[in-house]
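Q: The following file, coords_5.txt, comprises compact mmCIF, C-alpha atoms:
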```txt
# COMPACT_ATOMS: atom_id res chain seq x y z
CA MET M 17 -7.04 -13.20 -11.65
CA SER M 18 -3.35 -13.80 -10.94
CA PRO M 19 -1.65 -16.90 -12.33
CA ARG M 20 -1.73 -20.01 -10.14
CA LEU M 21 1.68 -21.59 -9.45
CA LEU M 22 1.78 -25.27 -8.57
CA ILE M 23 5.02 -27.01 -7.62
CA ARG M 24 4.85 -30.78 -7.53
CA ASP M 25 7.19 -33.77 -7.39
CA THR M 26 8.25 -35.27 -10.69
CA THR M 27 7.34 -38.80 -11.66
CA PRO M 28 8.75 -40.99 -14.43
CA ALA M 29 5.74 -39.86 -16.51
CA ASP M 30 7.38 -36.39 -16.65
CA ALA M 31 10.46 -37.75 -18.43
CA ALA M 32 9.71 -36.32 -21.90
CA THR M 33 8.84 -32.88 -20.50
CA ILE M 34 11.96 -32.82 -18.32
CA HIS M 35 14.11 -33.91 -21.25
CA ARG M 36 12.73 -31.07 -23.41
CA ALA M 37 13.61 -28.66 -20.58
CA ILE M 38 17.16 -30.06 -20.42
CA LEU M 39 17.51 -29.60 -24.19
CA ALA M 40 16.23 -26.01 -23.90
CA LEU M 41 18.68 -25.37 -21.05
CA GLY M 42 21.51 -26.76 -23.15
CA GLU M 43 20.49 -24.54 -26.07
CA ALA M 44 20.40 -21.48 -23.83
CA LEU M 45 23.87 -22.26 -22.49
CA GLY M 46 25.29 -23.18 -25.89
CA THR M 47 26.04 -26.73 -24.75
CA ALA M 48 23.19 -28.72 -26.29
CA ASN M 49 25.73 -30.83 -28.19
CA LYS M 50 26.88 -32.30 -24.86
CA ILE M 51 23.46 -33.72 -23.95
CA ALA M 52 23.35 -37.50 -24.37
CA SER M 53 20.41 -38.23 -22.06
CA THR M 54 17.01 -39.38 -23.29
CA PRO M 55 13.50 -39.38 -21.84
CA GLU M 56 13.83 -43.15 -21.43
CA ILE M 57 16.95 -42.73 -19.30
CA PHE M 58 15.18 -40.14 -17.13
CA ALA M 59 12.16 -42.42 -16.64
CA ARG M 60 14.35 -45.39 -15.77
CA GLU M 61 17.04 -43.74 -13.64
CA GLY M 62 15.38 -40.87 -11.86
CA LEU M 63 12.51 -38.50 -11.24
CA ALA M 64 11.24 -40.43 -8.23
CA PRO M 65 12.28 -41.04 -4.61
CA GLY M 66 14.83 -43.81 -4.23
CA ARG M 67 16.19 -43.35 -7.74
CA ALA M 68 19.37 -41.58 -8.90
CA PHE M 69 17.71 -38.17 -8.71
CA GLU M 70 14.44 -36.48 -7.90
CA GLY M 71 12.80 -33.39 -9.24
CA LEU M 72 10.14 -30.77 -9.01
CA VAL M 73 7.94 -29.40 -11.78
CA ALA M 74 6.49 -25.89 -11.68
CA GLU M 75 3.24 -25.32 -13.51
CA VAL M 76 1.44 -22.01 -14.01
CA ASP M 77 -2.25 -22.42 -14.69
CA GLY M 78 -1.53 -26.00 -15.76
CA ALA M 79 1.28 -25.14 -18.21
CA PHE M 80 4.85 -26.37 -17.68
CA ALA M 81 6.83 -23.39 -16.35
CA GLY M 82 10.03 -24.91 -15.02
CA MET M 83 11.78 -27.71 -13.20
CA CYS M 84 14.52 -28.46 -10.73
CA LEU M 85 16.42 -31.77 -10.55
CA TYR M 86 18.29 -32.60 -7.35
CA LEU M 87 19.95 -35.43 -5.48
CA PRO M 88 21.17 -36.13 -1.96
CA VAL M 89 24.79 -35.49 -1.02
CA PHE M 90 26.75 -35.89 2.19
CA SER M 91 29.48 -33.63 3.58
CA THR M 92 32.10 -35.63 5.42
CA TRP M 93 33.51 -32.36 6.78
CA LEU M 94 30.17 -31.15 8.16
CA GLY M 95 29.03 -34.64 9.07
CA LYS M 96 25.63 -33.84 7.61
CA PRO M 97 23.56 -34.66 4.55
CA GLY M 98 22.85 -31.99 1.99
CA VAL M 99 21.13 -31.55 -1.31
CA TYR M 100 22.71 -30.91 -4.70
CA ILE M 101 20.79 -29.13 -7.43
CA GLN M 102 21.80 -30.64 -10.74
CA ASP M 103 19.57 -28.62 -13.07
CA LEU M 104 17.26 -25.64 -12.71
CA TYR M 105 15.22 -24.39 -15.65
CA VAL M 106 12.46 -21.81 -16.00
CA ASP M 107 10.73 -21.41 -19.36
CA ASP M 108 11.26 -17.96 -20.87
CA ARG M 109 7.50 -17.28 -20.83
CA PHE M 110 7.53 -17.48 -17.03
CA ARG M 111 10.74 -15.63 -16.18
CA GLY M 112 10.38 -12.88 -13.62
CA MET M 113 7.67 -14.73 -11.67
CA LYS M 114 10.15 -16.00 -9.04
CA ILE M 115 9.59 -19.60 -10.12
CA GLY M 116 13.29 -20.45 -9.93
CA GLU M 117 13.42 -19.06 -6.42
CA ALA M 118 10.33 -21.05 -5.42
CA LEU M 119 11.85 -24.25 -6.79
CA ILE M 120 15.14 -23.74 -4.93
CA ARG M 121 13.35 -22.92 -1.70
CA ARG M 122 11.22 -26.07 -2.02
CA VAL M 123 14.34 -28.20 -2.59
CA ALA M 124 15.93 -26.63 0.50
CA ARG M 125 12.82 -27.45 2.57
CA ILE M 126 12.82 -31.03 1.29
CA GLY M 127 16.50 -31.33 2.18
CA ARG M 128 15.99 -29.87 5.65
CA ALA M 129 13.11 -32.29 6.30
CA ARG M 130 15.57 -35.10 5.49
CA GLY M 131 18.23 -33.76 7.87
CA ALA M 132 20.25 -31.69 5.39
CA ASN M 133 22.03 -28.55 6.47
CA HIS M 134 23.44 -27.38 3.14
CA LEU M 135 22.66 -26.98 -0.55
CA ARG M 136 25.18 -27.07 -3.35
CA LEU M 137 25.09 -26.47 -7.07
CA ALA M 138 27.44 -25.63 -9.89
CA VAL M 139 27.13 -22.67 -12.25
CA GLY M 140 28.91 -22.22 -15.54
CA PHE M 141 31.87 -19.87 -15.25
CA ASP M 142 30.46 -17.47 -17.83
CA ASN M 143 26.81 -17.69 -16.72
CA THR M 144 26.88 -14.42 -14.82
CA ARG M 145 23.11 -14.01 -14.88
CA ALA M 146 22.63 -17.28 -12.99
CA GLN M 147 25.50 -16.44 -10.64
CA ALA M 148 23.84 -13.15 -9.68
CA PHE M 149 20.50 -14.92 -9.19
CA TYR M 150 22.00 -17.52 -6.83
CA GLU M 151 23.98 -14.91 -4.91
CA ARG M 152 20.77 -12.91 -4.37
CA LEU M 153 19.25 -16.02 -2.77
CA GLY M 154 22.28 -16.55 -0.52
CA VAL M 155 23.74 -19.43 -2.53
CA SER M 156 27.27 -18.08 -2.63
CA HIS M 157 30.31 -18.95 -4.68
CA TYR M 158 33.15 -20.23 -2.56
CA ALA M 159 36.54 -19.37 -3.97
CA ASP M 160 38.15 -22.30 -2.14
CA ASP M 161 36.02 -24.83 -4.05
CA ARG M 162 36.68 -25.90 -7.61
CA ILE M 163 34.88 -28.72 -9.33
CA HIS M 164 37.02 -31.27 -11.10
CA ALA M 165 35.46 -33.91 -13.31
CA ALA M 166 36.32 -36.85 -15.55
CA TYR M 167 33.86 -37.54 -18.36
CA GLY M 168 33.78 -39.96 -21.29
CA GLU M 169 37.19 -41.23 -22.31
CA ALA M 170 38.89 -39.59 -19.33
CA PHE M 171 36.56 -41.46 -16.99
CA ASP M 172 37.11 -44.71 -18.90
CA ARG M 173 40.88 -44.34 -18.59
CA LEU M 174 40.57 -43.54 -14.90
CA SER M 175 38.34 -46.53 -14.20
CA GLU M 176 40.58 -48.90 -16.14
CA GLY M 177 43.87 -47.73 -14.63
CA ASP M 178 46.05 -49.72 -12.26
CA GLU M 179 45.23 -49.24 -8.55
CA ARG M 180 48.75 -49.84 -7.29
```
When written as structure tokens, how does the structure in this file appear?
A:
Amino acid sequence: MSPRLLIRDTTPADAATIHRAILALGEALGTANKIASTPEIFAREGLAPGRAFEGLVAEVDGAFAGMCLYLPVFSTWLGKPGVYIQDLYVDDRFRGMKIGEALIRRVARIGRARGANHLRLAVGFDNTRAQAFYERLGVSHYADDRIHAAYGEAFDRLSEGDER
């Protein structure tokens, strides 16, 4: 019998599982030291409609296989809503089963049902494996886009600066 894949919406009760996946993702990318989130933050801030972010959990025969966290965005240039994938993770035991693809496709369908006409995500510059995966799905890198960010102290300085 072939494995049974179930994709379902996350709930705040999934917070500890999602947090473990985020830690595993950080380990795989060599950036675990940057993770400051906690399961309590996930349960309070997200994982459900109307919160800061939503998510999907993939289970194979009842075992956690992966997850995708996403949030709504809006393109002022396109004049349309979109969806932004913040994190995508598939457990090593379930790689090669097209779970990541299924999660992305489900997020795209959710977005389209809400009026979205685009999907965005960011990929680490040196994560060539993920880049190839996204390109294969038609989620292309656009050379004219570059993400800029202010985190931690840089954000604090920005938010405290004079608005003149």
Q: Counting all atoms listed in the file, which of M:Ile115, M:Ile126, M:Ala52, M:Leu45 gets nearest to M:Asp25?
A: M:Ile126
Q: How close does stretch 17-119 of chain M get to stretch 129-143 of chain M? List, as a tab-separated table, each residue of stretch 17-119 of chain M within 6 Å, its nearest atom pair and the distance in Å to one decimal, counting only C-alpha atoms.
A:
```
residue	atom	partner	partner_atom	distance
M:Pro97	CA	M:Ala132	CA	4.5
M:Gly98	CA	M:Ala132	CA	4.3
M:Val99	CA	M:Leu135	CA	4.9
M:Tyr100	CA	M:Arg136	CA	4.8
M:Ile101	CA	M:Leu137	CA	5.1
```
Q: Between M:Met17, M:Glu151, M:Arg109, M:Arg36, which one has atoms that come closest to M:Ala48, using all atoms listed in the file?
A: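 The answer is M:Arg36, which sits nearest to M:Ala48.
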Q: Specify the axis-aligned box that encloses all atoms of stretch 145-164 of chain M listed in the file after padding of 3 Å on each side, stating its centre and edge lengths in Å to one decimal as JSON.
A:
```
{"center_x": 28.7, "center_y": -22.1, "center_z": -7.7, "size_x": 24.9, "size_y": 24.4, "size_z": 20.4}
```
Q: Atom CA of M:Lys96 and atom CA of M:Ala148 are how many Å apart?
A: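 We find that atom CA of M:Lys96 and atom CA of M:Ala148 lie 27.0 Å from each other.
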